[in-house]
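Shown below: my_file34.cif, with mmCIF, C-alpha atoms and all ligand atoms.
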```
data_final
#
loop_
_atom_site.label_atom_id
_atom_site.label_comp_id
_atom_site.auth_asym_id
_atom_site.auth_seq_id
_atom_site.Cartn_x
_atom_site.Cartn_y
_atom_site.Cartn_z
CA MET P 1 -9.06 -4.22 -0.68
CA THR P 2 -7.80 -6.65 1.87
CA VAL P 3 -8.81 -10.27 2.10
CA GLU P 4 -10.50 -9.52 5.38
CA SER P 5 -12.62 -6.73 4.00
CA THR P 6 -13.71 -8.64 0.94
CA ALA P 7 -14.25 -12.01 2.55
CA ALA P 8 -17.96 -11.41 2.87
CA ARG P 9 -18.17 -10.54 -0.79
CA GLN P 10 -16.54 -13.67 -2.11
CA PRO P 11 -18.96 -15.62 -4.26
CA ARG P 12 -20.56 -18.40 -2.27
CA ARG P 13 -20.47 -21.91 -3.61
CA SER P 14 -23.47 -22.34 -5.79
CA ALA P 15 -26.21 -24.75 -4.76
CA GLY P 16 -24.76 -27.23 -7.23
CA THR P 17 -21.53 -27.50 -5.32
CA LYS P 18 -23.13 -28.68 -2.07
CA SER P 19 -22.19 -32.27 -1.46
CA THR P 20 -25.72 -33.40 -0.73
CA ALA P 21 -25.82 -37.17 -0.35
CA GLY P 22 -26.66 -38.97 -3.55
CA LYS P 23 -26.31 -35.87 -5.73
CA ARG P 24 -23.42 -35.17 -8.04
CA THR P 25 -21.31 -32.16 -7.26
CA THR P 26 -20.45 -29.63 -9.92
CA ALA P 27 -16.76 -28.99 -10.52
CA LYS P 28 -15.57 -25.66 -9.21
CA LYS P 29 -15.18 -23.04 -11.85
CA PRO P 30 -11.69 -21.77 -12.63
CA PRO P 31 -10.94 -18.29 -11.29
CA SER P 32 -12.93 -15.57 -12.93
CA ASN P 33 -11.06 -12.99 -14.95
CA GLU P 34 -13.09 -10.24 -13.33
CA PRO P 35 -10.70 -8.87 -10.76
CA GLU P 36 -11.73 -7.12 -7.59
CA LEU P 37 -8.94 -4.63 -7.29
CA VAL P 38 -7.85 -1.41 -5.74
CA GLN P 39 -7.94 1.30 -8.36
CA LEU P 40 -7.39 5.04 -7.88
CA LEU P 41 -7.04 6.02 -11.55
CA THR P 42 -9.32 4.55 -14.18
CA PRO P 43 -7.94 3.69 -17.62
CA GLU P 44 -9.50 6.98 -18.78
CA GLY P 45 -7.38 8.84 -16.24
CA LYS P 46 -10.19 9.68 -13.81
CA ARG P 47 -9.36 9.75 -10.11
CA VAL P 48 -11.70 7.49 -8.16
CA LYS P 49 -12.10 7.55 -4.40
CA ASN P 50 -11.06 4.68 -2.21
CA ALA P 51 -11.93 4.81 1.48
CA GLU P 52 -9.10 2.52 2.52
CA TYR P 53 -6.18 3.65 0.36
CA ASP P 54 -6.71 7.33 -0.50
CA LYS P 55 -4.88 8.37 2.63
CA TYR P 56 -1.62 6.81 1.40
CA VAL P 57 -1.45 9.26 -1.52
CA ALA P 58 -3.43 12.11 0.00
CA GLY P 59 -0.55 14.58 0.08
CA ILE P 60 0.84 13.81 -3.34
CA THR P 61 1.91 16.96 -5.21
CA PRO P 62 1.67 17.69 -8.95
CA GLU P 63 5.45 17.57 -9.02
CA GLU P 64 5.46 14.07 -7.54
CA LEU P 65 2.82 12.98 -10.05
CA ARG P 66 4.96 14.31 -12.89
CA GLY P 67 7.87 12.43 -11.31
CA LEU P 68 5.95 9.15 -11.47
CA TYR P 69 5.10 9.86 -15.10
CA ARG P 70 8.74 10.65 -15.90
CA ASP P 71 9.89 7.45 -14.18
CA MET P 72 7.50 5.36 -16.26
CA VAL P 73 8.36 7.05 -19.56
CA LEU P 74 12.11 6.77 -19.02
CA THR P 75 11.84 3.17 -17.88
CA ARG P 76 9.84 2.30 -20.99
CA ARG P 77 12.37 4.10 -23.17
CA PHE P 78 15.26 2.25 -21.55
CA ASP P 79 13.43 -1.04 -21.97
CA ALA P 80 12.73 -0.39 -25.66
CA GLU P 81 16.40 0.44 -26.20
CA ALA P 82 17.46 -2.80 -24.53
CA THR P 83 15.08 -4.79 -26.76
CA SER P 84 16.55 -3.09 -29.84
CA LEU P 85 20.08 -3.75 -28.64
CA GLN P 86 19.27 -7.44 -28.32
CA ARG P 87 17.86 -7.44 -31.85
CA GLN P 88 21.09 -5.83 -33.05
CA GLY P 89 23.15 -8.58 -31.43
CA GLU P 90 24.51 -6.37 -28.65
CA LEU P 91 22.74 -8.31 -25.88
CA GLY P 92 22.27 -12.06 -25.64
CA LEU P 93 18.77 -11.77 -24.20
CA TRP P 94 16.36 -9.21 -22.78
CA ALA P 95 13.31 -9.57 -20.55
CA SER P 96 11.06 -6.62 -21.29
CA LEU P 97 8.89 -4.95 -18.66
CA LEU P 98 6.61 -3.33 -21.25
CA GLY P 99 3.17 -2.83 -19.70
CA GLN P 100 4.32 -3.32 -16.11
CA GLU P 101 5.73 0.18 -15.55
CA ALA P 102 3.04 1.33 -13.12
CA ALA P 103 3.29 -1.73 -10.86
CA GLN P 104 7.05 -1.30 -10.69
CA ILE P 105 7.32 2.47 -10.37
CA GLY P 106 4.41 2.70 -7.91
CA SER P 107 5.81 0.00 -5.65
CA GLY P 108 9.44 1.06 -6.15
CA ARG P 109 8.68 4.67 -5.17
CA ALA P 110 6.94 3.41 -2.04
CA THR P 111 10.19 1.95 -0.71
CA ARG P 112 12.42 3.83 1.69
CA GLU P 113 16.18 4.08 1.20
CA ASP P 114 16.87 1.64 4.04
CA ASP P 115 14.36 -0.94 2.77
CA TYR P 116 15.77 -3.89 0.85
CA VAL P 117 14.49 -5.06 -2.52
CA PHE P 118 14.72 -8.58 -3.96
CA PRO P 119 13.85 -8.50 -7.68
CA THR P 120 13.34 -11.10 -10.40
CA TYR P 121 14.98 -10.46 -13.78
CA ARG P 122 12.29 -8.03 -15.01
CA GLU P 123 12.33 -5.30 -12.35
CA HIS P 124 14.00 -2.60 -14.43
CA GLY P 125 11.55 0.03 -13.20
CA VAL P 126 12.20 -0.85 -9.57
CA ALA P 127 15.95 -0.72 -10.23
CA TRP P 128 15.41 2.78 -11.63
CA CYS P 129 13.59 3.85 -8.47
CA ARG P 130 16.42 2.44 -6.34
CA GLY P 131 18.96 4.54 -8.23
CA VAL P 132 20.70 1.66 -10.00
CA ASP P 133 22.12 3.07 -13.23
CA PRO P 134 20.17 1.39 -16.06
CA THR P 135 23.35 0.63 -17.99
CA ASN P 136 24.41 -1.60 -15.09
CA LEU P 137 21.39 -3.83 -15.71
CA LEU P 138 22.69 -4.78 -19.12
CA GLY P 139 26.05 -6.39 -18.35
CA MET P 140 24.54 -9.74 -17.40
CA PHE P 141 22.32 -9.70 -20.50
CA ARG P 142 25.40 -9.03 -22.61
CA GLY P 143 27.23 -11.80 -20.79
CA VAL P 144 30.08 -9.65 -19.55
CA ASN P 145 29.43 -9.92 -15.82
CA ASN P 146 27.46 -11.93 -13.28
CA GLY P 147 25.26 -9.11 -12.07
CA GLY P 148 26.56 -5.64 -12.67
CA TRP P 149 25.97 -3.75 -9.45
CA ASP P 150 26.76 -3.91 -5.77
CA PRO P 151 23.49 -4.93 -4.10
CA ASN P 152 24.36 -3.10 -0.90
CA SER P 153 24.92 0.25 -2.60
CA ASN P 154 21.22 0.66 -3.33
CA ASN P 155 19.72 -2.14 -1.23
CA PHE P 156 18.71 -3.74 -4.49
CA HIS P 157 19.65 -7.39 -4.75
CA LEU P 158 21.04 -8.89 -7.96
CA TYR P 159 18.54 -10.15 -10.51
CA THR P 160 17.41 -13.67 -9.72
CA ILE P 161 16.63 -16.13 -12.50
CA VAL P 162 15.78 -19.13 -10.33
CA ILE P 163 12.05 -18.58 -10.17
CA GLY P 164 10.71 -17.75 -6.71
CA SER P 165 13.95 -18.37 -4.81
CA GLN P 166 14.31 -14.71 -3.91
CA ALA P 167 11.10 -14.91 -1.85
CA LEU P 168 13.05 -17.03 0.64
CA HIS P 169 16.10 -14.78 0.51
CA ALA P 170 13.87 -11.79 1.19
CA THR P 171 12.14 -13.50 4.09
CA GLY P 172 15.45 -14.48 5.67
CA TYR P 173 16.69 -10.94 5.26
CA ALA P 174 13.51 -9.59 6.84
CA MET P 175 13.88 -11.97 9.79
CA GLY P 176 17.40 -10.58 10.20
CA ILE P 177 16.10 -7.01 10.25
CA THR P 178 13.84 -7.94 13.16
CA LYS P 179 16.77 -9.46 15.04
CA ASP P 180 18.74 -6.24 14.46
CA GLY P 181 15.86 -4.26 15.91
CA ALA P 182 15.65 -2.04 12.81
CA ASP P 183 12.42 -0.66 11.39
CA SER P 184 13.22 -1.22 7.71
CA ALA P 185 11.17 -3.49 5.51
CA VAL P 186 11.84 -5.84 2.62
CA ILE P 187 9.98 -6.25 -0.63
CA ALA P 188 10.19 -9.41 -2.71
CA TYR P 189 9.08 -9.33 -6.33
CA PHE P 190 7.93 -12.40 -8.20
CA GLY P 191 5.52 -13.40 -10.94
CA ASP P 192 2.29 -15.35 -11.22
CA GLY P 193 4.26 -18.37 -12.41
CA ALA P 194 6.56 -18.17 -9.41
CA SER P 195 3.54 -18.48 -7.13
CA SER P 196 3.51 -22.19 -8.03
CA GLN P 197 7.03 -22.69 -6.70
CA GLY P 198 7.45 -24.35 -3.31
CA ASP P 199 9.96 -21.66 -2.36
CA VAL P 200 7.23 -19.03 -2.48
CA SER P 201 4.87 -21.00 -0.23
CA GLU P 202 7.72 -21.72 2.18
CA ALA P 203 8.61 -18.04 2.25
CA PHE P 204 4.96 -17.14 2.98
CA ASN P 205 4.89 -19.53 5.89
CA PHE P 206 8.24 -18.49 7.38
CA ALA P 207 7.30 -14.84 7.02
CA ALA P 208 3.96 -15.41 8.70
CA VAL P 209 5.15 -17.42 11.68
CA TYR P 210 8.14 -15.15 12.30
CA ASN P 211 6.09 -12.04 11.63
CA ALA P 212 8.81 -10.88 9.25
CA PRO P 213 8.65 -7.35 7.81
CA VAL P 214 8.40 -8.47 4.20
CA VAL P 215 6.02 -7.44 1.44
CA PHE P 216 5.44 -10.04 -1.25
CA PHE P 217 4.80 -8.18 -4.49
CA CYS P 218 3.45 -10.51 -7.15
CA GLN P 219 3.13 -9.02 -10.61
CA ASN P 220 0.41 -11.10 -12.14
CA ASN P 221 1.16 -10.30 -15.78
CA GLN P 222 -1.18 -13.12 -16.83
CA TRP P 223 1.56 -15.30 -18.29
CA ALA P 224 4.48 -17.46 -17.18
CA ILE P 225 6.18 -17.78 -20.55
CA SER P 226 3.44 -19.70 -22.44
CA GLU P 227 1.39 -20.80 -19.40
CA SER P 228 -1.63 -18.65 -18.61
CA ASN P 229 -2.30 -17.84 -14.98
CA GLU P 230 -5.31 -20.16 -15.01
CA LYS P 231 -2.71 -22.92 -14.99
CA GLN P 232 -1.11 -21.54 -11.82
CA THR P 233 -4.02 -21.23 -9.46
CA ARG P 234 -7.66 -22.06 -8.79
CA VAL P 235 -8.14 -19.03 -6.54
CA PRO P 236 -7.16 -15.41 -7.10
CA LEU P 237 -3.52 -15.24 -6.03
CA TYR P 238 -3.98 -12.51 -3.41
CA GLN P 239 -6.34 -14.79 -1.51
CA ARG P 240 -3.53 -17.26 -0.87
CA ALA P 241 -2.23 -14.96 1.85
CA GLN P 242 -5.25 -15.71 4.00
CA GLY P 243 -4.28 -19.36 4.31
CA PHE P 244 -0.89 -18.34 5.65
CA GLY P 245 -2.30 -15.83 8.08
CA PHE P 246 -1.57 -12.45 6.60
CA PRO P 247 -3.50 -9.99 4.44
CA GLY P 248 -3.56 -10.08 0.66
CA VAL P 249 -4.64 -7.29 -1.69
CA ARG P 250 -5.19 -7.15 -5.41
CA VAL P 251 -4.26 -3.83 -6.91
CA ASP P 252 -4.64 -2.50 -10.43
CA GLY P 253 -1.02 -2.92 -11.48
CA ASN P 254 -1.52 -0.56 -14.42
CA ASP P 255 -2.45 2.23 -12.01
CA VAL P 256 0.71 3.81 -10.63
CA LEU P 257 -1.15 5.72 -7.93
CA ALA P 258 -2.91 2.64 -6.59
CA SER P 259 0.32 0.63 -6.74
CA LEU P 260 2.05 3.35 -4.75
CA ALA P 261 -0.74 3.57 -2.17
CA VAL P 262 -1.13 -0.15 -1.59
CA THR P 263 2.63 -0.73 -1.33
CA ARG P 264 2.95 2.16 1.14
CA TRP P 265 0.22 0.55 3.22
CA ALA P 266 2.00 -2.83 3.19
CA LEU P 267 5.49 -1.43 3.91
CA GLU P 268 4.22 0.79 6.70
CA ARG P 269 2.48 -2.04 8.51
CA ALA P 270 5.57 -4.23 8.06
CA ARG P 271 7.71 -1.49 9.63
CA ARG P 272 5.28 -1.21 12.52
CA GLY P 273 5.86 -4.89 13.27
CA GLU P 274 2.55 -6.10 11.84
CA GLY P 275 4.18 -8.70 9.62
CA PRO P 276 4.01 -9.66 5.96
CA ALA P 277 1.45 -8.82 3.30
CA LEU P 278 0.87 -10.05 -0.22
CA ILE P 279 0.15 -7.63 -3.03
CA GLU P 280 -1.04 -9.03 -6.31
CA ALA P 281 -0.55 -6.40 -9.00
CA TRP P 282 -2.97 -7.18 -11.81
CA THR P 283 -1.16 -6.27 -14.97
CA TYR P 284 -0.11 -7.57 -18.37
CA ARG P 285 3.12 -8.48 -20.07
CA MET P 286 2.66 -6.58 -23.34
CA GLY P 287 5.73 -8.02 -24.99
CA ALA P 288 7.28 -11.44 -25.28
CA HIS P 289 8.48 -13.28 -22.18
CA THR P 290 12.01 -12.57 -23.35
CA THR P 291 13.50 -11.83 -26.73
CA SER P 292 13.78 -15.63 -27.18
CA ASP P 293 10.01 -16.04 -27.01
CA ASP P 294 7.27 -15.69 -29.64
CA PRO P 295 3.96 -15.00 -27.88
CA THR P 296 1.95 -15.26 -31.12
CA ARG P 297 2.29 -19.02 -30.72
CA TYR P 298 0.19 -19.17 -27.57
CA ARG P 299 -1.95 -16.05 -27.17
CA HIS P 300 -4.31 -14.02 -29.30
CA ASP P 301 -3.60 -10.44 -30.23
CA ASP P 302 -7.07 -9.29 -29.12
CA GLU P 303 -6.02 -10.00 -25.53
CA ARG P 304 -3.04 -7.69 -25.94
CA GLN P 305 -5.22 -5.06 -27.58
CA ALA P 306 -7.66 -5.11 -24.68
CA TRP P 307 -4.78 -4.40 -22.29
CA GLU P 308 -3.42 -1.66 -24.53
CA ALA P 309 -6.51 0.36 -23.62
CA LYS P 310 -5.41 0.14 -19.98
CA ASP P 311 -1.90 1.42 -20.66
CA PRO P 312 -0.31 2.69 -17.44
CA ILE P 313 1.49 5.66 -18.99
CA LEU P 314 -1.44 6.84 -21.05
CA ARG P 315 -3.81 6.87 -18.08
CA LEU P 316 -1.50 9.03 -15.96
CA ARG P 317 -0.95 11.37 -18.90
CA ARG P 318 -4.72 11.77 -19.26
CA PHE P 319 -4.98 12.55 -15.57
CA LEU P 320 -2.09 15.05 -15.66
CA GLU P 321 -3.58 16.81 -18.67
CA ALA P 322 -7.13 16.89 -17.36
CA SER P 323 -6.01 18.30 -14.01
CA ASN P 324 -3.58 20.79 -15.59
CA HIS P 325 -0.67 19.30 -13.69
CA ALA P 326 1.55 19.14 -16.77
CA ASP P 327 1.86 21.23 -19.91
CA GLU P 328 3.17 20.60 -23.39
CA GLY P 329 6.61 21.87 -22.37
CA PHE P 330 6.88 19.11 -19.76
CA PHE P 331 6.02 16.36 -22.24
CA ALA P 332 8.37 17.78 -24.89
CA GLU P 333 11.26 18.03 -22.44
CA LEU P 334 10.67 14.48 -21.32
CA GLU P 335 10.79 13.31 -24.92
CA THR P 336 14.22 14.90 -25.31
CA GLU P 337 15.37 13.35 -22.03
CA SER P 338 14.12 9.93 -23.19
CA GLU P 339 16.08 10.10 -26.41
CA ALA P 340 19.21 11.14 -24.52
CA LEU P 341 18.76 8.15 -22.20
CA GLY P 342 18.41 5.80 -25.17
CA LYS P 343 21.62 7.17 -26.65
CA ARG P 344 23.51 6.88 -23.37
CA VAL P 345 22.41 3.27 -22.92
CA ARG P 346 23.33 2.38 -26.51
CA GLU P 347 26.78 3.87 -26.21
CA ALA P 348 27.42 2.29 -22.82
CA VAL P 349 26.52 -1.19 -24.06
CA ARG P 350 28.64 -0.92 -27.15
CA ALA P 351 31.56 0.20 -25.02
CA MET P 352 31.32 -2.82 -22.67
CA ARG P 353 34.43 -4.90 -23.03
CA ASP P 354 34.67 -8.65 -22.60
CA PRO P 355 35.61 -9.61 -19.05
CA ASP P 356 38.88 -11.08 -17.97
CA ARG P 357 38.59 -14.83 -18.60
CA PHE P 358 39.47 -15.63 -15.03
CA ALA P 359 36.96 -13.22 -13.47
CA ILE P 360 34.43 -16.04 -13.23
CA PHE P 361 36.48 -17.56 -10.42
CA GLU P 362 36.34 -14.38 -8.36
CA ASN P 363 33.66 -13.73 -5.74
CA VAL P 364 32.61 -17.38 -5.52
CA TYR P 365 33.71 -17.38 -1.90
CA ALA P 366 34.58 -14.28 0.09
CA ASP P 367 37.91 -15.77 1.26
CA GLY P 368 38.77 -18.11 -1.60
CA HIS P 369 38.45 -21.90 -1.67
CA ALA P 370 40.83 -24.77 -2.50
CA LEU P 371 38.40 -26.28 -5.03
CA VAL P 372 38.01 -22.97 -6.86
CA ASP P 373 41.81 -22.60 -6.91
CA GLU P 374 42.08 -26.07 -8.47
CA GLU P 375 39.47 -25.25 -11.08
CA ARG P 376 41.18 -21.96 -11.89
CA ALA P 377 44.49 -23.80 -12.42
CA GLN P 378 42.80 -26.41 -14.65
CA PHE P 379 41.19 -23.66 -16.70
CA ALA P 380 44.52 -21.82 -17.02
CA ALA P 381 46.18 -25.01 -18.29
CA TYR P 382 43.37 -25.54 -20.78
CA GLN P 383 43.64 -21.97 -22.05
CA ALA P 384 47.41 -22.30 -22.34
CA SER P 385 47.00 -25.42 -24.51
CA PHE P 386 45.81 -23.35 -27.47
CA ALA P 387 48.30 -22.41 -30.17
CA ASP P 388 47.45 -18.71 -29.85
CA ALA P 389 47.61 -18.82 -26.06
CA GLU P 390 49.98 -15.89 -25.79
CA GLY P 391 48.87 -13.34 -23.26
CA VAL P 392 46.36 -15.63 -21.51
C1 LIG E 401 13.13 -22.79 -10.77
C2 LIG E 401 12.95 -22.41 -12.21
N1 LIG E 401 12.13 -23.13 -12.98
C3 LIG E 401 11.94 -22.78 -14.27
C4 LIG E 401 12.59 -21.70 -14.79
C5 LIG E 401 12.35 -21.29 -16.26
N2 LIG E 401 11.56 -20.06 -16.29
C6 LIG E 401 12.12 -18.87 -16.51
S1 LIG E 401 11.00 -17.62 -16.49
C7 LIG E 401 9.73 -18.69 -16.18
C8 LIG E 401 8.31 -18.17 -16.03
C9 LIG E 401 8.14 -17.24 -14.90
O1 LIG E 401 6.88 -16.67 -14.95
P1 LIG E 401 6.39 -15.62 -13.89
O2 LIG E 401 6.79 -16.05 -12.52
O3 LIG E 401 4.96 -15.38 -14.12
O4 LIG E 401 7.25 -14.32 -14.21
P2 LIG E 401 7.25 -13.42 -15.54
O5 LIG E 401 8.34 -13.97 -16.42
O6 LIG E 401 5.91 -13.52 -16.15
O7 LIG E 401 7.61 -12.05 -15.11
C10 LIG E 401 10.19 -19.99 -16.12
C11 LIG E 401 9.33 -21.15 -15.90
C12 LIG E 401 13.48 -20.98 -13.95
N3 LIG E 401 14.14 -19.92 -14.38
N4 LIG E 401 13.62 -21.34 -12.65
MG MG E 402 4.06 -13.88 -15.21
#
```
Write-out of the structure in structure tokens:
Amino acid sequence: MTVESTAARQPRRSAGTKSTAGKRTTAKKPPSNEPELVQLLTPEGKRVKNAEYDKYVAGITPEELRGLYRDMVLTRRFDAEATSLQRQGELGLWASLLGQEAAQIGSGRATREDDYVFPTYREHGVAWCRGVDPTNLLGMFRGVNNGGWDPNSNNFHLYTIVIGSQALHATGYAMGITKDGADSAVIAYFGDGASSQGDVSEAFNFAAVYNAPVVFFCQNNQWAISESNEKQTRVPLYQRAQGFGFPGVRVDGNDVLASLAVTRWALERARRGEGPALIEAWTYRMGAHTTSDDPTRYRHDDERQAWEAKDPILRLRRFLEASNHADEGFFAELETESEALGKRVREAVRAMRDPDRFAIFENVYADGHALVDEERAQFAAYQASFADAEGV
């Protein structure tokens, strides 16, 4: 639901918060954990009606629904393989998307080929939807390249580690689209923690005043490493949009159908020239922040267990089974396909060779630079100073 449509339903300040002269005011309560969100599939896999958003998925076919399921299963399988590869010492680090498959596949499948996507470092499901080969996501995490894919081949920007900075890149890109007179849109992904970055607020404001065709897709996975989202905001994140002058919606990020519908709504209005929108996908990071993190140090397992019951893949499976849109053969075939993907990823990572030592100096500037040349020469001299320098 949009900010506008829910404004009347926001809880009023209680009598205690009125600043009546001489009386003490009660401190505002932190945001409630009871989300008002757009949901089309319940955790039990039941389809629920939604007057505003049903129309964005009205024509969806059983085949497309199976496609969404397949996307989520394969993305999860790829992600699990990457986590294992890190544990085996094949990757330096991995940032798992476990639990966030629906938010990513739903929104990723809503994008059009000519749209442009600006991800964080966790958008493996969106990369999948954009047609980026999953093995290409792993080079940076193995430390053998600085990215691993050409952003312009799939309109999928390189992973961005500097929290929130891509919101500005996306907004600038969207402003450029308007100047080109094109009707594409941009989607910028970021997390609940990133919402506290100045870059994100600046991007919101630029996007609003320039009416840029950009969708801000915030996956609120409840945690920014060890900081809970109560430390990021005193209002539900989607409501921030209102202060900048564009609509904000909170969607059930574990519901792939709702994520698809709401993102279609936002991208379509952006393409029509109606400006930015903020989507807050309410979801949960089921795993650690990265393989370097130990979440047992800062959160209780019962929280994770409660979210397990809302698993995005399980709920779509329940729906597919209950509506006879998929049979045992489909699930069995997908299992085989998943295992084959795991094997392909494993073999590709193990086959990745170390890069040329001087590759780091390439692509810093499109046309080269005197300072980079100097640094390259210094590095070459340093390398040559070793006793076994032959072949450097
Ligand atoms: C500008 C900046 N500050 C701090 C960090 C360190 N850092 C890496 S991930 C992270 C938390 C991000 O949390 P969130 O935005 O919620 O995304 P999530 O990892 O949960 O997907 C932080 C603080 C960074 N990479 N960049
Ligand atoms: Mg987060």
Margin query: Let me make sure I understand: among P:Glu280, P:Glu52, P:Asp183, P:Glu303, which one has the smallest atom-to-atom distance to ligand MG 402 (chain E) if we use only C-alpha atoms and all ligand atoms?
Written below: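 When distances to ligand MG 402 (chain E) are compared using only C-alpha atoms and all ligand atoms, the smallest one comes from P:Glu280.
The residue that comes closest to Trp223 (chain P), out of P:Ala277, P:Ala188, P:Arg304, P:Val117 and on the basis of all atoms listed in the file, is P:Arg304.
You will find CA of Pro43 (chain P) at 19.7 Å from CA of Glu64 (chain P).
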Next item on the list: Please provide the set of residues having any atom within 12 Å of Gln166 (chain P), restricted to only C-alpha atoms, with same-chain residues fewer than 4 positions apart removed, written as number ranges by chain.
Entry: P: 116-121, 156-162, 170-174, 186-191, 194-195, 197-204, 214, 216-217
Can you check which parts of chain P lie within 9 Å of ligand LIG 401 (chain E)? Per residue, the shortest pair of atoms and distance in Å to one decimal, counting only C-alpha atoms and all ligand atoms, sorted by chain and number, as a tab-separated table.
```
residue	atom	partner	partner_atom	distance
P:Ala95	CA	E:LIG401	O5	7.8
P:Ser96	CA	E:LIG401	O7	8.9
P:Leu97	CA	E:LIG401	O7	8.0
P:Thr120	CA	E:LIG401	O7	7.5
P:Tyr121	CA	E:LIG401	O7	7.7
P:Arg122	CA	E:LIG401	O7	6.2
P:Glu123	CA	E:LIG401	O7	8.7
P:Thr160	CA	E:LIG401	N3	8.5
P:Ile161	CA	E:LIG401	N3	4.9
P:Val162	CA	E:LIG401	N4	3.9
P:Ile163	CA	E:LIG401	N4	4.0
P:Gly164	CA	E:LIG401	C1	6.9
P:Ser165	CA	E:LIG401	C1	7.5
P:Phe190	CA	E:LIG401	O2	5.8
P:Gly191	CA	E:LIG401	O2	3.3
P:Asp192	CA	E:LIG401	O3	3.9
P:Gly193	CA	E:LIG401	O2	3.4
P:Ala194	CA	E:LIG401	O2	3.8
P:Ser195	CA	E:LIG401	O2	6.7
P:Ser196	CA	E:LIG401	O2	8.3
P:Gln197	CA	E:LIG401	C1	7.3
P:Cys218	CA	E:LIG401	O2	8.4
P:Gln219	CA	E:LIG401	O7	7.0
P:Asn220	CA	E:LIG401	O3	6.6
P:Asn221	CA	E:LIG401	O6	5.8
P:Gln222	CA	E:LIG401	O3	7.1
P:Trp223	CA	E:LIG401	O6	5.2
P:Ala224	CA	E:LIG401	O1	3.4
P:Ile225	CA	E:LIG401	C8	5.0
P:Ser226	CA	E:LIG401	C8	8.2
P:Glu227	CA	E:LIG401	C8	8.1
P:Ser228	CA	E:LIG401	O3	8.6
P:Asn229	CA	E:LIG401	O3	7.7
P:Gln232	CA	E:LIG401	O3	8.9
P:Tyr284	CA	E:LIG401	O6	8.8
P:Arg285	CA	E:LIG401	O6	7.0
P:His289	CA	E:LIG401	O5	5.8
P:Thr290	CA	E:LIG401	O5	8.0
```
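If you look at CA of Asp180 (chain P) and CA of Gly275 (chain P), they are 15.5 Å away from each other.
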Note to self: Let me make sure I understand: among P:Ala326, P:Leu40, P:Val249, P:Ile360, which one has the smallest atom-to-atom distance to Val144 (chain P) if we use only C-alpha atoms?
What the structure shows: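 Looking only at the distances to Val144 (chain P), the closest residue turns out to be P:Ile360.
CA of Leu68 (chain P) sits 14.1 Å away from CA of Ala127 (chain P).
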Note to self: Please list, as a list in words, the residues that have an atom at most 12 Å away from (36.3, -9.0, -14.9) in the coordinates of this file, counting all atoms listed in the file.
What the structure shows: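 Applying the cut-off with all atoms listed in the file, one gets Gly139, Gly143, Val144, Asn145, Asn146, Gly147, Gly148, Met352, Arg353, Asp354, Pro355, Asp356, Arg357, Phe358, Ala359, Ile360, Phe361, Glu362 and Asn363 of chain P.
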Would you put the residues from that selection into a file with C-alpha atoms, as a PDB file, keeping the file's coordinate frame?
```pdb
ATOM      1  CA  GLY P 139      26.050  -6.390 -18.350  1.00  0.00           C
ATOM      2  CA  GLY P 143      27.230 -11.800 -20.790  1.00  0.00           C
ATOM      3  CA  VAL P 144      30.080  -9.650 -19.550  1.00  0.00           C
ATOM      4  CA  ASN P 145      29.430  -9.920 -15.820  1.00  0.00           C
ATOM      5  CA  ASN P 146      27.460 -11.930 -13.280  1.00  0.00           C
ATOM      6  CA  GLY P 147      25.260  -9.110 -12.070  1.00  0.00           C
ATOM      7  CA  GLY P 148      26.560  -5.640 -12.670  1.00  0.00           C
ATOM      8  CA  MET P 352      31.320  -2.820 -22.670  1.00  0.00           C
ATOM      9  CA  ARG P 353      34.430  -4.900 -23.030  1.00  0.00           C
ATOM     10  CA  ASP P 354      34.670  -8.650 -22.600  1.00  0.00           C
ATOM     11  CA  PRO P 355      35.610  -9.610 -19.050  1.00  0.00           C
ATOM     12  CA  ASP P 356      38.880 -11.080 -17.970  1.00  0.00           C
ATOM     13  CA  ARG P 357      38.590 -14.830 -18.600  1.00  0.00           C
ATOM     14  CA  PHE P 358      39.470 -15.630 -15.030  1.00  0.00           C
ATOM     15  CA  ALA P 359      36.960 -13.220 -13.470  1.00  0.00           C
ATOM     16  CA  ILE P 360      34.430 -16.040 -13.230  1.00  0.00           C
ATOM     17  CA  PHE P 361      36.480 -17.560 -10.420  1.00  0.00           C
ATOM     18  CA  GLU P 362      36.340 -14.380  -8.360  1.00  0.00           C
ATOM     19  CA  ASN P 363      33.660 -13.730  -5.740  1.00  0.00           C
TER      20      ASN P 363
END
```
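Among the candidates P:Val132, P:Leu278, P:Met72, P:Ala270, the one nearest to Ile313 (chain P) when counting only C-alpha atoms is P:Met72.
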Next item on the list: Give the answer as one residue: which of P:Gln383, P:Thr283, P:Gln104, P:Asn154 has the shortest atom-to-atom distance to Asp71 (chain P), using only C-alpha atoms?
Entry: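 Looking only at the distances to Asp71 (chain P), the closest residue turns out to be P:Gln104.
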Within 12 Å of region 306-309 of chain P, which residues of region 63-136 of chain P show up? Give each one with its shortest atom-to-atom distance in Å (one decimal) and the two atoms involved, counting only C-alpha atoms, rows by chain then rising residue number, as a tab-separated table.
```
residue	atom	partner	partner_atom	distance
P:Leu98	CA	P:Glu308	CA	10.7
P:Gly99	CA	P:Glu308	CA	8.3
P:Gln100	CA	P:Trp307	CA	11.1
```
Next item on the list: Give the answer as one residue: which of P:Arg272, P:Lys231, P:Arg297, P:Arg376 has the shortest atom-to-atom distance to ligand MG 402 (chain E), using only C-alpha atoms and all ligand atoms?
Entry: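 Between P:Arg272, P:Lys231, P:Arg297, P:Arg376, the residue approaching ligand MG 402 (chain E) most closely is P:Lys231.
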